[in-house]
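Asker: Quick one: the structure is below, questions incoming.
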Amino acid sequence: MSFLAPGRGRLLRVLPTRWHRLPPPQGSGGYGACFRRCKAHFLLDGVEDAVEGAAEPQQPPVSLAKSLASLTEESAVAAQRQRKPLPRMERKRLAELRIKKRVKAQYLNGKFHDLMANVVASTDTLEDAYDIVRLNSNIDMSSARDDVCFATLAELLRTGEFDVRANVYAVVAKRREGGRLVLPRLNLRIIQEAVRVVLEVVYRPHFSKISHGCRSGRGHQSALRFISNEIGIPDWCFTIPMHKEVDRNVLSKIICLIQEKIDDNQLVTFMQHMFDAEVINLVFGGFPKGHGLPQEGVLAPILMNIYLDSFDHEVFRICMRHEGLGSEAADVSDNQESNLRHWFRSQISGLKDREENSDNQTDYPLKTKLYACRYMDEIFVAVVGSRDIAEDIKSEMITYLRKTLFLEVDDRLYLMPVRSNSRGLQFAGSMVRVTTKESAALKAVHKLKEKVHLFASQKQEIWDAMNLRLGKKWLAYGLRRVKESEIKSLGLSTPLLDHIAQFRKDGMKTDHWFKTLLKVWMQDINAKREADESILLSKYIAEPSLPQDLKDAFNNFQKQAKDYISSETAATEALLSSLKNKESAITCTDGAVIKIHAPISYIHKCLNRYGLINLEGFPKHVSALVLQDDELIISWFAGIIQRWMRWFSEVDNFKELKLMLVECVRKSCIRTLSAKYRMYEKITEKRFELDDYGIPMAEDFEAIMAPLESSSSVCTDEALMYGISSSGLFVLTLSRVRVPSRQFDCFVMGCQSASLSMYVLHVKERQRFPGFRTGFSSSIHGSLDGRRVGLCTQHVKDLYLGHISLQSVDFGVLIDDSNKIP
């Protein structure tokens, strides 16, 4: 056989020697495609390759099972290509899982070793952390990336030569009281993200059940569900307000807690360098934690959970002392004691001495129960027992926080009696209060009373509307009559005309003269004491001119309705007192339930401060948004509704909150668009389909909000989206300003899109310690007020809708010489 001129026939003489032993390649089209590739291989590589292939030892035949398995893998690869891309939070979860595997590989003899050198200072870990930063910024992962050399960055970390101070920037407020804020640049932000994931992998499995927030499956909703479903009806409850900025003592305590599970001096040194550079912005109690504020940083949630985890374990010890040391059950005789309880009591240090001093009398009664719930730095405690026990528990907790954790606790802390306090207690932006279930008889009485009150109020509204209409007609008729004929041309002389004519000066036009008459009349009736002009027209003009019989009949009807309502109220109070006398303890206990309410009155005040409503509660347009694009205006209002709906989705007064948002936020959005285009509100509502943007009407609220929440890119897992999904960014607006002629990139970390506009941040609410925490940040650091940022259109919308937070904005671009904005 000759191989010098390989042709089709001679090639076929070589191929059959091994053709039947070759497995079908995956995803290659079967044996036919394999034959064509082998033929091309022989033609291109020459005879030497063919001879070499023929001289190779023969491979064992491939089994049928392996051939079928290769077909399965081929179909799986094809299905994966057709699969939809993962959402950004799933990508973030996968990136954290890759880092988690590297962290677990460093576990040995009960501790994690050399995490900084082997995990954080790794090129793969830094790339995953950079991907997490971009995912938090809602960046398309297929877009262009920043010019970051991860190999060089990893080497600097490994050798300890990374300069923290060179990778931070300070933002100084324009006002003196604004303060100074130090924020990380991109390289340090990537390292902080990697350190955060490492710390969460190490500590998250060890957090207690008391802790809620920044954990998978736990958040403010789970904390409120625990209070409403698990506690029952306690006797006393209180919250522990604290305030403290991180200092040397707090940092030393955090480092000691970290060293209990991590043996890594390099990591401790790096955290010390970040503290010296003032880039660890950890504040206890100063702001509601994790709601998009840059001063908190990415390390604030995990460091706060690590620091307060020791308090959670102290709560368990306090619970054991007060619950496990009570007297025995009622069926146990006086000189008998449970062996288990006796052993338990003997294990606690100092307990025997206390028993001897108390002459074998227990200090605490039997049914003492302690419940605690912590959402970041907000702590809720409920006690079932006497007031003395609750005071002891409160003092023990405060002592531990002050002496062991070096935190400052508010001295105004007080115990709230649950059953006798109707105001409730503030926790996680909601009101926790105990209400009593009404009996069927009371519900019937209230229902009838409300019907009578509604009927009377409807009649009053009709009466006022008709009087106002008559007053307007009188005003229009008088103005028209004066315009039709001048007083001088009438040629009449009556005392009334002479009195009116004296107010007219020479050369005064008719309209001005009529306004002067109205002004004199308003001074005579002292119109300043009335609320608005509608009362003047109805009360002083229309109503006095009505027949006296008609006025007496209407007043008599209103008096009878008012008397009936007051009599029914007195009867209801008497019925309640009788029920309390008959079933005082049983009724209060069985009929009482814990309700979680949204603070409607405070939300009204916030809407007024944000400029959505006036002092009377009527919606108005937001002037700061008028010059922006239509989509951005609607996104700002939609972000308010969607954030509040996510935060208060499980409160008991959700319907009341829903109606308030529809009446205030939706109408304010319509009036803002109407002010921009100067057209009627009804035309504006028809022109802009607000339902598609998540601003529905009251009757379509559930039908529209549910699909939007399910299809939204915002994840409800606080471990992935803490500080983004519920951020309080609607407390600021962005106003467009003049930009330089040259192009510059968006300031959001990881975004390479061109920013066509420069925006100025306007903080809508600036008080540092708000009167009530709505679960959103009601204050933004003073140094950021009036700060200029360059944003692309997509990220302005993301800021308004809550898809990103201010932590994603790189404010350091403002002072970067290469991108300095004039």
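Identifiers in the structure tokens: chain A, B, ... in order shown; residue index from 1 per chain; ligand index from 1 in order shown.
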Could you name the residues that touch Arg387 (chain A) at 12 Å or less, counting only C-alpha atoms, but leaving out those on the same chain fewer than 4 positions away, as a VMD selection string?
Answerer: chain A and resid 234 to 237 364 to 365 368 382 to 383 391 to 394 414 to 418
Asker: Between CA of Asp552 (chain A) and CA of Met466 (chain A), what is the distance in Å, rounded to a tenth?
Answerer: 16.4 Å
Asker: Find the residues around Phe162 (chain A) up to 9 Å (only C-alpha atoms counted), leave out those fewer than 6 positions away in its own chain, and share them as a PyMOL selection string.
Answerer: chain A and resi 153+155-156
Asker: Residues as selected, N, CA, C and O atoms, written as a short mmCIF file (atom, residue, chain, number, x, y, z; two decimals), in the first residue's frame, can you do that?
Answerer:
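Printed below is again.cif as written:
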data_model
loop_
_atom_site.label_atom_id
_atom_site.label_comp_id
_atom_site.auth_asym_id
_atom_site.auth_seq_id
_atom_site.Cartn_x
_atom_site.Cartn_y
_atom_site.Cartn_z
N LEU A 153 -3.00 43.41 42.48
CA LEU A 153 -3.71 43.69 43.72
C LEU A 153 -3.56 42.53 44.71
O LEU A 153 -3.37 42.75 45.92
N GLU A 155 -1.06 40.42 44.83
CA GLU A 155 0.32 40.39 45.30
C GLU A 155 0.56 41.44 46.39
O GLU A 155 1.28 41.19 47.37
N LEU A 156 -0.01 42.63 46.23
CA LEU A 156 0.13 43.67 47.25
C LEU A 156 -0.50 43.22 48.57
O LEU A 156 0.03 43.49 49.65
#
Asker: When distances are computed from only C-alpha atoms, which of A:Leu791, A:Glu127, A:Lys605, A:Arg225 shows the smallest separation from Ala754 (chain A)?
Answerer: A:Leu791
Asker: Find, counting only C-alpha atoms, the residue in A:Met758, A:Ala277, A:Leu475, A:Val809 that gets nearest to Gly790 (chain A).
Answerer: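 Counting only C-alpha atoms, the residue closest to Gly790 (chain A) is A:Met758.
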Asker: As a ChimeraX atom specification, please: every residue in region 109-353 of chain A that a backbone DSSP assignment puts in helix (DSSP H, G or I).
Answerer: /A:115-120,123-136,150-159,165-167,176-178,186-206,220-229,248-259,265-276,300-323,339-347,351-353
Asker: Would you kindly return, as JSON, numbers by chain, each protein, DNA or RNA residue with an atom no farther than 12 Å from any atom of Ile613 (chain A), considering only C-alpha atoms and excluding same-chain residues fewer than 3 positions away?
Answerer: {"A": [603, 604, 605, 606, 607, 608, 609, 610, 616, 617, 618, 619, 620, 621, 622, 623, 660, 661, 663, 664, 665, 666, 667, 668, 669, 671, 672]}
Asker: Go ahead and write the residues just picked, C-alpha atoms, as an mmCIF file, in the first residue's frame.
Answerer:
data_model
loop_
_atom_site.group_PDB
_atom_site.id
_atom_site.type_symbol
_atom_site.label_atom_id
_atom_site.label_comp_id
_atom_site.auth_asym_id
_atom_site.auth_seq_id
_atom_site.Cartn_x
_atom_site.Cartn_y
_atom_site.Cartn_z
ATOM 1 C CA ILE A 603 -45.670 58.615 57.055
ATOM 2 C CA HIS A 604 -48.001 61.549 56.394
ATOM 3 C CA LYS A 605 -45.438 63.855 58.003
ATOM 4 C CA CYS A 606 -42.664 62.338 55.884
ATOM 5 C CA LEU A 607 -44.672 62.882 52.709
ATOM 6 C CA ASN A 608 -45.104 66.498 53.721
ATOM 7 C CA ARG A 609 -41.366 66.924 54.304
ATOM 8 C CA TYR A 610 -40.610 65.221 50.986
ATOM 9 C CA GLU A 616 -53.578 70.028 54.943
ATOM 10 C CA GLY A 617 -52.674 66.633 53.482
ATOM 11 C CA PHE A 618 -53.592 67.403 49.859
ATOM 12 C CA PRO A 619 -51.237 66.130 47.113
ATOM 13 C CA LYS A 620 -49.146 68.646 45.217
ATOM 14 C CA HIS A 621 -46.523 68.551 42.507
ATOM 15 C CA VAL A 622 -42.826 68.094 43.335
ATOM 16 C CA SER A 623 -41.072 71.060 41.760
ATOM 17 C CA MET A 660 -52.975 56.611 51.567
ATOM 18 C CA LEU A 661 -50.285 55.852 48.990
ATOM 19 C CA GLU A 663 -54.385 59.114 47.316
ATOM 20 C CA CYS A 664 -51.101 60.919 47.982
ATOM 21 C CA VAL A 665 -48.314 59.455 45.854
ATOM 22 C CA ARG A 666 -50.328 58.692 42.711
ATOM 23 C CA LYS A 667 -52.060 62.068 42.670
ATOM 24 C CA SER A 668 -48.787 63.867 43.375
ATOM 25 C CA CYS A 669 -47.238 62.073 40.392
ATOM 26 C CA ARG A 671 -49.920 66.726 39.311
ATOM 27 C CA THR A 672 -46.152 66.791 38.752
#
Asker: Excluding Tyr130 (chain A) and any residue of its chain fewer than 3 positions from it, enumerate the residues within 8 Å of it, using only C-alpha atoms, and give them as a PyMOL selection string.
Answerer: chain A and resi 126-127+133-134+190+193
Asker: If you count only C-alpha atoms, which residues fall within 8 Å of region 625-638 of chain A, apart from same-chain ones fewer than 2 positions away, as number ranges by chain?
Answerer: A: 622-623, 640-642, 665-666, 669, 672-673, 675-676, 690, 693-695, 730, 733-736, 796-797, 800-801
Asker: What separation in Å, quoted to one decimal, exists between CA of Tyr677 (chain A) and CA of Pro696 (chain A)?
Answerer: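 Value for the CA of Tyr677 (chain A)-CA of Pro696 (chain A) distance: 21.4 Å.
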Asker: At what distance in Å, to one decimal, does CA of Ile596 (chain A) lie from CA of Val432 (chain A)?
Answerer: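 Taking CA of Val432 (chain A) as the start and CA of Ile596 (chain A) as the end point, the length is 5.0 Å.
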Asker: Within 12 Å of Glu396 (chain A), counting only C-alpha atoms, which residues qualify if same-chain residues fewer than 6 places away don't, as a count of residues only?
Answerer: 14
Asker: Considering only C-alpha atoms, state which residue in the set A:His243, A:Arg145, A:Arg102, A:Lys472 is at the smallest distance from Phe406 (chain A).
Answerer: A:His243
